[in-house]
Amino acid sequence: MDRKTVVCVIGTRPEAIKMAPVVIALREQDVFDVKVLATGQHAAMLDQVLDFFKIAADRNLHIMKERQTLDYITASVLTGAGEYFDETRPSAVLVHGDTTTTFAAGLAAFYRGVPVGHVEAGLRSWNMRLPFPEEMNRVLVDKFAAWGFAPTQLAAENLRKEGMAERAISVTGNTVIDALFYTVAARAKPESPELAALPDGAPFVLVTAHRRESWGAPLEGICSALTDILDAHPELWMVVPMHKNPAVREIIRKHLGGRGNVILCDPLDYPDFVWAMNSSKFILSDSGGVQEEASAIKKPVLILRDVTERPEAVEHGSGVLVGVDRGRIAAAALKLLEDEAAIPEIERRCAAQPFGDGKASQKIAEILKESLLS
Ligand code: UD1
Ligand code: UDP
């Protein structure tokens with residue numbers, strides 16, 4: 001049989017986590033020649049995920065530079081991905097989410113008339129600068145995507161509002177849930193040496209922050225709130241896997257470096273991060289993926305942003321939007337720590353899996369098979 005080549009593009013950690021189950025599902029169909037193009041927008045943080053899912057990139061453009069600019073990432077991915085598509089002549093290209101890799105690789109496919117499938121299509125904050133530049137990336141990709149794989153009904157509705165053809169839209173669930181289910185089954189105890197410093201059974205909160213629009217003053221506000229929380233609760237531990245970005249690390253280290261009860265560490269591999277989410281009292285994060293995962297496991301997450309493109313996490317999940325203001329973040333965290341009813345209340349409000357049933361990748365693979373082979 002004539003196998004259709006499908007190229008799955010990944011650039012950063014979350015794209016790899018959420019595209020890995022799609023790569024696995026497409027390979028299981030056994031009718032595609034599935035290729036993985038890594039742009040290398042992330043280096044170590046991407047390799048960590050690919051290792052865990054046992055996925056080898058067919059090509060890695062290795063573009064990452066320290067403190068890279070958006071212009072640089074866009075230009076390098078556009079030309080590098082374009083050359084790879086010229087070489088491999090795919091029948092379809094899949095991109096995920098809203099990074100600069102997503103947009104630039106999608107654009108390179110569009111320029112060649114190759115149909116683009118957008119995994120996690122239709123998320124909107126309706127504010128072009130929040131998150132920045134992700135809202136613009138996802139809006140632009142949905143303008144040229146041939147398939148919009150929407151994770152939720154709301155995301156599908158957003159695509160319709162913007163004029164995507166009905167036949168192009170499908171509601172699949174979010175592939176992060178597929179990745180999460182795969183991972184929960186994989187490891188019961190953490191393996192990272194950093195987590196060995198955490199006393200058995202010690203209460204801890206898990207923290208991540210990296211967003212571009214938070215660099216500088218907003219991240220300073222977030223870190224000051226973290227120190228307020230630690231000051232108020234000497235029994236509490238804090239696990240802070242730091243993004244590799246030096247602009248982020250400098251600020252976090254300035255506020256939390258050398259403090260007792262704080263584990264400042266490199267990014268955890270995915271199964272250890274999942275363990276940490278599950279075992280924490282609650283999470284503070286500005287991450288998109290973490291909002292979805294926390295909702296799926298019903299773990300409260302204080303969302304360190306002013307707006308979210310994942311309103312389902314707040315309406316039907318475990319998310320509480322607290323922004324980047326020091327006082328507001330600390331007050332919300334102290335409520336969870338001190339009001340015994342607060343966490344059970346959030347858990348009660350969570351609907352079952354607002355982001356999907358763990359079969360999103362399978363649905364995407366079936367839709368592609370139907371479209372490309374019938
Ligand atoms: C990128 C995405 C963002 C996504 C995030 C996931 C864009 C513009 N931003 O943001 O949407 O939420 O990834 O984490 O696409 N670095 C390393 N090693 C790594 C990875 C990064 O050293 O493995 C450092 C480098 O100095 C790099 C910097 O982090 O220049 C920033 O990386 P970049 O991909 O530009 O931005 P992120 O903040 O990671
Ligand atoms: N994650 C991880 N190790 C860490 C921190 C996060 O594996 O130390 C995972 C997390 O479970 C989620 C994803 O990385 O699936 C989120 O990535 P990130 O916050 O970098 O990007 P975003 O989701 O905000 O785009």
# chains A, B, ... in the order shown; residues from 1 in each chain; ligands from 1
call {"tool": "select_by_dssp", "arguments": {"residues": "range 20-89 of chain A", "states": "strand (DSSP E)", "output": "list of chain:residue names"}}
result
A:Phe32, A:Asp33, A:Val34, A:Lys35, A:Val36, A:Leu37, A:Ala38, A:Arg59, A:Asn60
call {"tool": "residues_around", "arguments": {"residues": "Ala165 in chain A", "least_positions_apart": "5", "cutoff": "9 Å", "atoms": "only C-alpha atoms", "output": "ChimeraX atom specification"}}
result
/A:146,159-160
call {"tool": "residues_near_ligand", "arguments": {"ligand": "ligand 2", "cutoff": "7 Å", "atoms": "only C-alpha atoms and all ligand atoms", "output": "compact mmCIF listing (two decimals) with all heavy atoms, in the first residue's frame"}}
result
# COMPACT_ATOMS: atom_id res chain seq x y z
N ARG A 13 9.02 21.76 25.10
CA ARG A 13 8.57 20.68 26.02
C ARG A 13 7.08 20.36 25.91
O ARG A 13 6.73 19.18 25.70
CB ARG A 13 8.92 21.09 27.46
CG ARG A 13 8.24 20.25 28.52
CD ARG A 13 8.74 20.55 29.90
NE ARG A 13 8.41 21.89 30.37
CZ ARG A 13 8.93 22.46 31.46
NH1 ARG A 13 9.81 21.81 32.19
NH2 ARG A 13 8.57 23.68 31.81
N PRO A 14 6.18 21.36 26.05
CA PRO A 14 4.77 20.96 26.03
C PRO A 14 4.32 20.38 24.69
O PRO A 14 3.46 19.49 24.65
CB PRO A 14 4.01 22.27 26.34
CG PRO A 14 4.98 23.36 26.04
CD PRO A 14 6.34 22.80 26.31
N ILE A 17 5.26 16.74 24.81
CA ILE A 17 4.39 15.93 25.69
C ILE A 17 3.06 15.66 25.01
O ILE A 17 2.54 14.55 25.02
CB ILE A 17 4.18 16.65 27.05
CG1 ILE A 17 5.50 16.66 27.84
CG2 ILE A 17 3.05 16.02 27.86
CD1 ILE A 17 5.49 17.52 29.10
N VAL A 176 -3.06 16.01 26.00
CA VAL A 176 -2.30 16.00 27.26
C VAL A 176 -2.88 14.96 28.21
O VAL A 176 -2.16 14.38 29.03
CB VAL A 176 -2.28 17.41 27.92
CG1 VAL A 176 -3.58 17.73 28.62
CG2 VAL A 176 -1.12 17.52 28.90
N THR A 208 5.58 26.44 39.13
CA THR A 208 6.30 26.69 37.87
C THR A 208 5.87 28.05 37.33
O THR A 208 4.72 28.46 37.48
CB THR A 208 6.04 25.64 36.76
OG1 THR A 208 4.75 25.86 36.17
CG2 THR A 208 6.14 24.22 37.26
N HIS A 210 7.07 30.67 33.80
CA HIS A 210 8.01 30.91 32.70
C HIS A 210 7.53 31.91 31.66
O HIS A 210 8.27 32.32 30.80
CB HIS A 210 8.33 29.59 31.98
CG HIS A 210 7.17 29.05 31.19
ND1 HIS A 210 6.89 29.47 29.92
CD2 HIS A 210 6.22 28.14 31.50
CE1 HIS A 210 5.82 28.83 29.48
NE2 HIS A 210 5.38 28.02 30.42
N PRO A 241 10.61 23.44 40.09
CA PRO A 241 11.44 23.04 38.95
C PRO A 241 11.54 24.24 38.01
O PRO A 241 10.55 24.70 37.47
CB PRO A 241 10.63 21.90 38.30
CG PRO A 241 9.49 21.62 39.23
CD PRO A 241 9.27 22.85 40.04
N MET A 242 12.76 24.76 37.87
CA MET A 242 12.93 26.02 37.13
C MET A 242 13.08 25.78 35.64
O MET A 242 13.90 24.96 35.21
CB MET A 242 14.16 26.76 37.64
CG MET A 242 14.01 27.33 39.03
SD MET A 242 15.48 28.25 39.49
CE MET A 242 16.70 26.96 39.59
N ASP A 266 16.33 21.72 38.42
CA ASP A 266 16.15 21.68 36.98
C ASP A 266 14.76 21.13 36.68
O ASP A 266 14.13 20.51 37.55
CB ASP A 266 17.20 20.73 36.37
CG ASP A 266 18.46 21.48 35.99
OD1 ASP A 266 18.36 22.69 35.72
OD2 ASP A 266 19.53 20.86 35.98
N PRO A 267 14.29 21.30 35.44
CA PRO A 267 13.00 20.73 35.08
C PRO A 267 12.97 19.23 35.43
O PRO A 267 13.94 18.52 35.19
CB PRO A 267 12.93 20.92 33.57
CG PRO A 267 13.79 22.11 33.30
CD PRO A 267 14.89 22.05 34.32
N LEU A 268 11.87 18.80 36.02
CA LEU A 268 11.74 17.38 36.35
C LEU A 268 11.33 16.64 35.09
O LEU A 268 10.63 17.21 34.23
CB LEU A 268 10.65 17.20 37.41
CG LEU A 268 10.94 17.85 38.76
CD1 LEU A 268 9.72 17.76 39.67
CD2 LEU A 268 12.15 17.18 39.43
N ASP A 269 11.71 15.37 34.99
CA ASP A 269 11.20 14.64 33.82
C ASP A 269 9.70 14.43 34.02
O ASP A 269 9.17 14.60 35.12
CB ASP A 269 12.01 13.37 33.54
CG ASP A 269 11.73 12.25 34.51
OD1 ASP A 269 10.93 12.43 35.44
OD2 ASP A 269 12.32 11.17 34.34
N TYR A 270 9.00 14.13 32.95
CA TYR A 270 7.54 14.20 32.99
C TYR A 270 6.94 13.30 34.08
O TYR A 270 6.11 13.75 34.87
CB TYR A 270 6.96 13.90 31.60
CG TYR A 270 5.48 14.17 31.49
CD1 TYR A 270 4.93 15.37 31.93
CD2 TYR A 270 4.62 13.21 30.97
CE1 TYR A 270 3.57 15.61 31.85
CE2 TYR A 270 3.26 13.45 30.86
CZ TYR A 270 2.73 14.65 31.31
OH TYR A 270 1.39 14.89 31.23
N PHE A 273 7.36 14.93 37.40
CA PHE A 273 6.52 16.12 37.52
C PHE A 273 5.07 15.70 37.81
O PHE A 273 4.39 16.30 38.64
CB PHE A 273 6.61 16.99 36.27
CG PHE A 273 5.97 18.33 36.46
CD1 PHE A 273 6.64 19.35 37.15
CD2 PHE A 273 4.69 18.59 36.02
CE1 PHE A 273 6.05 20.58 37.38
CE2 PHE A 273 4.08 19.82 36.23
CZ PHE A 273 4.75 20.82 36.91
N VAL A 274 4.63 14.64 37.14
CA VAL A 274 3.27 14.14 37.39
C VAL A 274 3.16 13.66 38.84
O VAL A 274 2.18 13.94 39.54
CB VAL A 274 2.91 13.02 36.38
CG1 VAL A 274 1.60 12.33 36.77
CG2 VAL A 274 2.81 13.60 34.97
N ASP A 286 1.93 29.29 35.91
CA ASP A 286 1.42 30.08 34.79
C ASP A 286 1.38 29.23 33.52
O ASP A 286 1.16 29.72 32.42
CB ASP A 286 2.26 31.35 34.57
CG ASP A 286 3.70 31.07 34.15
OD1 ASP A 286 4.06 29.90 33.91
OD2 ASP A 286 4.48 32.04 34.05
N SER A 287 1.61 27.93 33.66
CA SER A 287 1.68 27.03 32.51
C SER A 287 0.28 26.73 31.95
O SER A 287 -0.69 26.65 32.70
CB SER A 287 2.32 25.73 32.98
OG SER A 287 2.05 24.69 32.08
N GLY A 288 0.23 26.54 30.64
CA GLY A 288 -1.03 26.14 30.02
C GLY A 288 -1.32 24.68 30.31
O GLY A 288 -2.41 24.33 30.80
N GLY A 289 -0.34 23.82 30.02
CA GLY A 289 -0.53 22.38 30.18
C GLY A 289 -0.86 21.99 31.62
O GLY A 289 -1.71 21.13 31.86
N VAL A 290 -0.23 22.66 32.56
CA VAL A 290 -0.45 22.30 33.97
C VAL A 290 -1.90 22.59 34.39
O VAL A 290 -2.48 21.85 35.18
CB VAL A 290 0.58 23.01 34.88
CG1 VAL A 290 0.25 22.80 36.35
CG2 VAL A 290 2.00 22.51 34.58
N GLU A 293 -3.74 19.47 33.20
CA GLU A 293 -3.39 18.27 33.97
C GLU A 293 -3.94 18.34 35.39
O GLU A 293 -4.48 17.36 35.91
CB GLU A 293 -1.86 18.13 34.03
CG GLU A 293 -1.27 17.78 32.67
CD GLU A 293 0.22 18.10 32.57
OE1 GLU A 293 0.74 18.87 33.40
OE2 GLU A 293 0.86 17.58 31.66
call {"tool": "residues_around", "arguments": {"residues": "Leu256 in chain A", "least_positions_apart": "6", "cutoff": "12 Å", "atoms": "only C-alpha atoms", "output": "PyMOL selection string"}}
result
chain A and resi 207+220+222-231+237-240+242+249-250+262-265
call {"tool": "write_last_selection", "arguments": {"atoms": "N, CA and C atoms", "output": "short mmCIF file (atom, residue, chain, number, x, y, z; two decimals), in the first residue's frame"}}
result
data_model
loop_
_atom_site.label_atom_id
_atom_site.label_comp_id
_atom_site.auth_asym_id
_atom_site.auth_seq_id
_atom_site.Cartn_x
_atom_site.Cartn_y
_atom_site.Cartn_z
N VAL A 207 5.56 24.67 42.21
CA VAL A 207 5.50 25.97 41.54
C VAL A 207 6.21 25.92 40.20
N GLU A 220 8.77 39.06 39.55
CA GLU A 220 9.22 39.54 40.87
C GLU A 220 8.03 39.47 41.86
N ILE A 222 5.38 37.53 41.70
CA ILE A 222 5.08 36.12 41.98
C ILE A 222 6.05 35.59 43.05
N CYS A 223 7.34 35.88 42.86
CA CYS A 223 8.35 35.35 43.80
C CYS A 223 8.20 35.96 45.19
N SER A 224 7.86 37.24 45.25
CA SER A 224 7.64 37.86 46.57
C SER A 224 6.47 37.17 47.27
N ALA A 225 5.44 36.85 46.52
CA ALA A 225 4.30 36.14 47.12
C ALA A 225 4.74 34.78 47.67
N LEU A 226 5.64 34.11 46.92
CA LEU A 226 6.11 32.79 47.37
C LEU A 226 6.84 32.92 48.71
N THR A 227 7.65 33.96 48.85
CA THR A 227 8.37 34.12 50.13
C THR A 227 7.37 34.46 51.25
N ASP A 228 6.33 35.23 50.94
CA ASP A 228 5.31 35.53 51.96
C ASP A 228 4.65 34.22 52.44
N ILE A 229 4.39 33.34 51.49
CA ILE A 229 3.72 32.07 51.85
C ILE A 229 4.64 31.24 52.76
N LEU A 230 5.92 31.19 52.38
CA LEU A 230 6.88 30.41 53.19
C LEU A 230 7.04 31.02 54.58
N ASP A 231 7.07 32.36 54.65
CA ASP A 231 7.21 33.02 55.95
C ASP A 231 6.03 32.68 56.86
N TRP A 237 6.90 22.97 52.52
CA TRP A 237 7.99 22.88 51.54
C TRP A 237 7.49 23.41 50.20
N MET A 238 8.46 23.81 49.38
CA MET A 238 8.11 24.32 48.05
C MET A 238 9.03 23.64 47.04
N VAL A 239 8.44 23.01 46.03
CA VAL A 239 9.25 22.38 44.96
C VAL A 239 9.11 23.28 43.73
N VAL A 240 10.25 23.79 43.26
CA VAL A 240 10.23 24.75 42.15
C VAL A 240 11.15 24.27 41.02
N MET A 242 12.76 24.76 37.87
CA MET A 242 12.93 26.02 37.13
C MET A 242 13.08 25.78 35.64
N ARG A 249 15.32 32.15 35.61
CA ARG A 249 16.10 31.60 36.73
C ARG A 249 16.71 32.67 37.63
N GLU A 250 17.22 33.74 36.98
CA GLU A 250 17.87 34.80 37.76
C GLU A 250 16.92 35.34 38.83
N VAL A 262 13.02 24.88 50.50
CA VAL A 262 12.73 25.15 49.09
C VAL A 262 13.64 24.30 48.22
N ILE A 263 13.05 23.55 47.29
CA ILE A 263 13.86 22.77 46.35
C ILE A 263 13.80 23.48 45.00
N LEU A 264 14.89 24.19 44.69
CA LEU A 264 15.00 24.85 43.37
C LEU A 264 15.76 23.88 42.50
N CYS A 265 15.13 23.40 41.45
CA CYS A 265 15.81 22.35 40.68
C CYS A 265 15.61 22.54 39.18
#
call {"tool": "closest_atom_pairs", "arguments": {"of": "chain A", "to": "ligand 1", "cutoff": "8 Å", "atoms": "only C-alpha atoms and all ligand atoms", "output": "Markdown table"}}
result
| residue | atom | partner | partner_atom_place_in_ligand_line | distance |
| --- | --- | --- | --- | --- |
| A:Gly11 | CA | ligand 1 | 34 (O) | 7.8 |
| A:Thr12 | CA | ligand 1 | 13 (O) | 5.2 |
| A:Arg13 | CA | ligand 1 | 14 (O) | 5.6 |
| A:Pro14 | CA | ligand 1 | 6 (C) | 5.7 |
| A:Glu15 | CA | ligand 1 | 6 (C) | 7.9 |
| A:Gln41 | CA | ligand 1 | 34 (O) | 5.2 |
| A:His42 | CA | ligand 1 | 20 (C) | 3.9 |
| A:Ala43 | CA | ligand 1 | 23 (O) | 3.7 |
| A:Ala44 | CA | ligand 1 | 23 (O) | 3.9 |
| A:Met45 | CA | ligand 1 | 23 (O) | 3.8 |
| A:Leu46 | CA | ligand 1 | 23 (O) | 6.0 |
| A:Asp47 | CA | ligand 1 | 23 (O) | 7.8 |
| A:Met64 | CA | ligand 1 | 30 (O) | 6.2 |
| A:Lys65 | CA | ligand 1 | 30 (O) | 5.1 |
| A:Glu66 | CA | ligand 1 | 26 (O) | 3.3 |
| A:Arg67 | CA | ligand 1 | 30 (O) | 3.5 |
| A:Gln68 | CA | ligand 1 | 30 (O) | 4.0 |
| A:Thr69 | CA | ligand 1 | 35 (O) | 6.5 |
| A:Leu70 | CA | ligand 1 | 8 (C) | 6.0 |
| A:Ile73 | CA | ligand 1 | 35 (O) | 7.3 |
| A:Asp98 | CA | ligand 1 | 11 (O) | 6.0 |
| A:Thr99 | CA | ligand 1 | 15 (O) | 3.4 |
| A:Thr100 | CA | ligand 1 | 15 (O) | 3.9 |
| A:Thr101 | CA | ligand 1 | 15 (O) | 6.0 |
| A:Thr102 | CA | ligand 1 | 15 (O) | 7.7 |
| A:Phe132 | CA | ligand 1 | 8 (C) | 7.5 |
| A:Pro133 | CA | ligand 1 | 8 (C) | 5.9 |
| A:Glu134 | CA | ligand 1 | 11 (O) | 5.6 |
| A:His210 | CA | ligand 1 | 38 (O) | 5.6 |
| A:Arg211 | CA | ligand 1 | 38 (O) | 5.8 |
| A:Arg212 | CA | ligand 1 | 38 (O) | 5.7 |
| A:His243 | CA | ligand 1 | 21 (C) | 7.0 |
| A:Lys244 | CA | ligand 1 | 17 (C) | 4.5 |
| A:Asn245 | CA | ligand 1 | 29 (O) | 3.3 |
| A:Pro246 | CA | ligand 1 | 26 (O) | 5.9 |
| A:Ala247 | CA | ligand 1 | 28 (C) | 7.8 |
| A:Ser287 | CA | ligand 1 | 12 (O) | 6.7 |
| A:Gly288 | CA | ligand 1 | 12 (O) | 7.0 |
call {"tool": "residues_around", "arguments": {"residues": "Arg129 in chain A", "least_positions_apart": "6", "cutoff": "10 Å", "atoms": "only C-alpha atoms", "output": "PyMOL selection string"}}
result
chain A and resi 135-136+213
call {"tool": "closest_residue", "arguments": {"among": "A:Asp30, A:Asp178, A:Asp272, A:Glu366", "to": "Phe52 in chain A", "atoms": "only C-alpha atoms"}}
result
A:Asp272
call {"tool": "select_by_dssp", "arguments": {"residues": "range 169-344 of chain A", "states": "helix (DSSP H, G or I)", "output": "number ranges by chain"}}
result
A: 175-184, 193-197, 212-214, 217-232, 246-256, 270-279, 288-296, 311-315, 326-338, 342-344
call {"tool": "residues_around", "arguments": {"residues": "Pro203 in chain A", "least_positions_apart": "6", "cutoff": "10 Å", "atoms": "only C-alpha atoms", "output": "PDB file with all heavy atoms, in the first residue's frame"}}
result
ATOM      1  N   GLU A 235       6.297  25.148  58.215  1.00  0.00           N
ATOM      2  CA  GLU A 235       6.261  23.683  58.032  1.00  0.00           C
ATOM      3  C   GLU A 235       6.183  23.296  56.542  1.00  0.00           C
ATOM      4  O   GLU A 235       6.389  22.143  56.173  1.00  0.00           O
ATOM      5  CB  GLU A 235       5.047  23.081  58.785  1.00  0.00           C
ATOM      6  CG  GLU A 235       3.678  23.185  58.079  1.00  0.00           C
ATOM      7  CD  GLU A 235       3.098  24.609  57.946  1.00  0.00           C
ATOM      8  OE1 GLU A 235       3.709  25.565  58.478  1.00  0.00           O
ATOM      9  OE2 GLU A 235       2.055  24.765  57.283  1.00  0.00           O
ATOM     10  N   LEU A 236       5.886  24.285  55.700  1.00  0.00           N
ATOM     11  CA  LEU A 236       5.592  23.995  54.291  1.00  0.00           C
ATOM     12  C   LEU A 236       6.866  23.911  53.453  1.00  0.00           C
ATOM     13  O   LEU A 236       7.783  24.701  53.636  1.00  0.00           O
ATOM     14  CB  LEU A 236       4.706  25.125  53.740  1.00  0.00           C
ATOM     15  CG  LEU A 236       4.173  24.937  52.322  1.00  0.00           C
ATOM     16  CD1 LEU A 236       3.104  23.845  52.282  1.00  0.00           C
ATOM     17  CD2 LEU A 236       3.587  26.257  51.782  1.00  0.00           C
ATOM     18  N   TRP A 237       6.901  22.966  52.521  1.00  0.00           N
ATOM     19  CA  TRP A 237       7.986  22.880  51.538  1.00  0.00           C
ATOM     20  C   TRP A 237       7.487  23.407  50.196  1.00  0.00           C
ATOM     21  O   TRP A 237       6.281  23.441  49.932  1.00  0.00           O
ATOM     22  CB  TRP A 237       8.454  21.430  51.382  1.00  0.00           C
ATOM     23  CG  TRP A 237       9.339  21.002  52.504  1.00  0.00           C
ATOM     24  CD1 TRP A 237       8.964  20.800  53.802  1.00  0.00           C
ATOM     25  CD2 TRP A 237      10.745  20.731  52.424  1.00  0.00           C
ATOM     26  NE1 TRP A 237      10.053  20.431  54.540  1.00  0.00           N
ATOM     27  CE2 TRP A 237      11.156  20.374  53.725  1.00  0.00           C
ATOM     28  CE3 TRP A 237      11.692  20.749  51.407  1.00  0.00           C
ATOM     29  CZ2 TRP A 237      12.479  20.044  54.016  1.00  0.00           C
ATOM     30  CZ3 TRP A 237      13.003  20.423  51.687  1.00  0.00           C
ATOM     31  CH2 TRP A 237      13.391  20.081  52.988  1.00  0.00           C
ATOM     32  N   MET A 238       8.457  23.810  49.383  1.00  0.00           N
ATOM     33  CA  MET A 238       8.114  24.320  48.052  1.00  0.00           C
ATOM     34  C   MET A 238       9.032  23.636  47.042  1.00  0.00           C
ATOM     35  O   MET A 238      10.255  23.663  47.224  1.00  0.00           O
ATOM     36  CB  MET A 238       8.345  25.827  48.048  1.00  0.00           C
ATOM     37  CG  MET A 238       7.556  26.579  47.029  1.00  0.00           C
ATOM     38  SD  MET A 238       7.637  28.373  47.351  1.00  0.00           S
ATOM     39  CE  MET A 238       6.148  28.671  48.282  1.00  0.00           C
ATOM     40  N   SER A 279       1.213  14.629  44.358  1.00  0.00           N
ATOM     41  CA  SER A 279       1.550  14.557  45.787  1.00  0.00           C
ATOM     42  C   SER A 279       1.512  15.914  46.483  1.00  0.00           C
ATOM     43  O   SER A 279       1.576  15.967  47.716  1.00  0.00           O
ATOM     44  CB  SER A 279       2.961  13.968  45.959  1.00  0.00           C
ATOM     45  OG  SER A 279       3.057  12.766  45.235  1.00  0.00           O
ATOM     46  N   SER A 280       1.449  16.992  45.721  1.00  0.00           N
ATOM     47  CA  SER A 280       1.479  18.325  46.332  1.00  0.00           C
ATOM     48  C   SER A 280       0.142  18.635  47.009  1.00  0.00           C
ATOM     49  O   SER A 280      -0.869  17.983  46.732  1.00  0.00           O
ATOM     50  CB  SER A 280       1.737  19.380  45.242  1.00  0.00           C
ATOM     51  OG  SER A 280       0.643  19.415  44.351  1.00  0.00           O
ATOM     52  N   LYS A 281       0.177  19.656  47.894  1.00  0.00           N
ATOM     53  CA  LYS A 281      -1.098  20.137  48.461  1.00  0.00           C
ATOM     54  C   LYS A 281      -1.872  20.895  47.391  1.00  0.00           C
ATOM     55  O   LYS A 281      -3.065  20.754  47.237  1.00  0.00           O
ATOM     56  CB  LYS A 281      -0.836  21.076  49.650  1.00  0.00           C
ATOM     57  CG  LYS A 281      -0.423  20.347  50.910  1.00  0.00           C
ATOM     58  CD  LYS A 281      -0.311  21.300  52.081  1.00  0.00           C
ATOM     59  CE  LYS A 281      -1.648  21.606  52.735  1.00  0.00           C
ATOM     60  NZ  LYS A 281      -2.259  20.433  53.382  1.00  0.00           N
ATOM     61  N   PHE A 282      -1.147  21.737  46.670  1.00  0.00           N
ATOM     62  CA  PHE A 282      -1.723  22.421  45.504  1.00  0.00           C
ATOM     63  C   PHE A 282      -0.576  22.963  44.669  1.00  0.00           C
ATOM     64  O   PHE A 282       0.604  22.837  45.045  1.00  0.00           O
ATOM     65  CB  PHE A 282      -2.725  23.527  45.903  1.00  0.00           C
ATOM     66  CG  PHE A 282      -2.177  24.602  46.783  1.00  0.00           C
ATOM     67  CD1 PHE A 282      -1.593  25.746  46.261  1.00  0.00           C
ATOM     68  CD2 PHE A 282      -2.257  24.478  48.170  1.00  0.00           C
ATOM     69  CE1 PHE A 282      -1.099  26.751  47.086  1.00  0.00           C
ATOM     70  CE2 PHE A 282      -1.757  25.484  49.009  1.00  0.00           C
ATOM     71  CZ  PHE A 282      -1.173  26.617  48.456  1.00  0.00           C
TER      72      PHE A 282
END
call {"tool": "atom_distance", "arguments": {"atom1": "CA of Ser295 in chain A", "atom2": "CA of Lys335 in chain A"}}
result
19.0 Å
call {"tool": "closest_residue", "arguments": {"among": "A:Val320, A:Ala20, A:Ala104, A:Val9", "to": "Glu347 in chain A", "atoms": "only C-alpha atoms"}}
result
A:Val320
call {"tool": "residues_around", "arguments": {"residues": "Arg59 in chain A", "least_positions_apart": "4", "cutoff": "7 Å", "atoms": "only C-alpha atoms", "output": "PyMOL selection string"}}
result
chain A and resi 36-38
call {"tool": "write_last_selection", "arguments": {"atoms": "N, CA and C atoms", "output": "PDB file, in the first residue's frame"}}
result
ATOM      1  N   VAL A  36       9.046  12.589  12.576  1.00  0.00           N
ATOM      2  CA  VAL A  36       9.039  13.601  13.633  1.00  0.00           C
ATOM      3  C   VAL A  36      10.114  14.628  13.315  1.00  0.00           C
ATOM      4  N   LEU A  37       9.674  15.874  13.130  1.00  0.00           N
ATOM      5  CA  LEU A  37      10.622  16.970  12.935  1.00  0.00           C
ATOM      6  C   LEU A  37      10.709  17.759  14.238  1.00  0.00           C
ATOM      7  N   ALA A  38      11.886  17.737  14.867  1.00  0.00           N
ATOM      8  CA  ALA A  38      12.110  18.576  16.053  1.00  0.00           C
ATOM      9  C   ALA A  38      12.804  19.838  15.567  1.00  0.00           C
TER      10      ALA A  38
END
call {"tool": "closest_residue", "arguments": {"among": "A:Leu219, A:Met19, A:Ala332, A:Leu107", "to": "Leu140 in chain A", "atoms": "only C-alpha atoms"}}
result
A:Leu107
call {"tool": "closest_atom_pairs", "arguments": {"of": "range 156-225 of chain A", "to": "range 113-126 of chain A", "cutoff": "9 Å", "atoms": "only C-alpha atoms", "output": "Markdown table"}}
result
| residue | atom | partner | partner_atom | distance |
| --- | --- | --- | --- | --- |
| A:Ala156 | CA | A:Gly122 | CA | 6.0 |
| A:Glu157 | CA | A:Gly122 | CA | 7.8 |
| A:Asn158 | CA | A:Gly122 | CA | 5.6 |
| A:Leu159 | CA | A:Gly122 | CA | 5.3 |
| A:Arg160 | CA | A:Gly122 | CA | 8.9 |
| A:Ile169 | CA | A:Ala121 | CA | 8.9 |
| A:Thr172 | CA | A:Glu120 | CA | 8.9 |
| A:Gly173 | CA | A:Glu120 | CA | 8.4 |
| A:Asn174 | CA | A:Glu120 | CA | 6.5 |
| A:Thr175 | CA | A:Glu120 | CA | 7.9 |
call {"tool": "write_last_selection", "arguments": {"atoms": "C-alpha atoms", "output": "PDB file, in the first residue's frame"}}
result
ATOM      1  CA  ALA A 156     -14.656  24.189  18.472  1.00  0.00           C
ATOM      2  CA  GLU A 157     -17.162  26.998  18.933  1.00  0.00           C
ATOM      3  CA  ASN A 158     -14.300  29.526  18.765  1.00  0.00           C
ATOM      4  CA  LEU A 159     -13.165  28.021  15.453  1.00  0.00           C
ATOM      5  CA  ARG A 160     -16.697  28.274  14.035  1.00  0.00           C
ATOM      6  CA  ILE A 169     -13.503  20.925  12.869  1.00  0.00           C
ATOM      7  CA  THR A 172     -11.119  15.267  20.111  1.00  0.00           C
ATOM      8  CA  GLY A 173     -10.221  16.104  23.716  1.00  0.00           C
ATOM      9  CA  ASN A 174      -6.758  17.292  24.631  1.00  0.00           C
ATOM     10  CA  THR A 175      -3.890  14.909  23.963  1.00  0.00           C
TER      11      THR A 175
END
call {"tool": "residues_around", "arguments": {"residues": "Ser285 in chain A", "least_positions_apart": "5", "cutoff": "7 Å", "atoms": "only C-alpha atoms", "output": "PyMOL selection string"}}
result
chain A and resi 207-209+301-304
call {"tool": "write_last_selection", "arguments": {"atoms": "C-alpha atoms", "output": "PDB file, in the first residue's frame"}}
result
ATOM      1  CA  VAL A 207       5.502  25.974  41.544  1.00  0.00           C
ATOM      2  CA  THR A 208       6.297  26.693  37.875  1.00  0.00           C
ATOM      3  CA  ALA A 209       6.524  30.041  36.073  1.00  0.00           C
ATOM      4  CA  VAL A 301      -3.955  25.164  40.747  1.00  0.00           C
ATOM      5  CA  LEU A 302      -3.561  28.892  41.394  1.00  0.00           C
ATOM      6  CA  ILE A 303      -3.140  30.262  37.858  1.00  0.00           C
ATOM      7  CA  LEU A 304      -0.459  32.972  37.849  1.00  0.00           C
TER       8      LEU A 304
END
call {"tool": "atom_distance", "arguments": {"atom1": "CA of Val324 in chain A", "atom2": "CA of Ser214 in chain A"}}
result
8.1 Å
call {"tool": "closest_residue", "arguments": {"among": "A:Val307, A:Met164, A:Ile283, A:Leu50", "to": "Val141 in chain A", "atoms": "only C-alpha atoms"}}
result
A:Met164
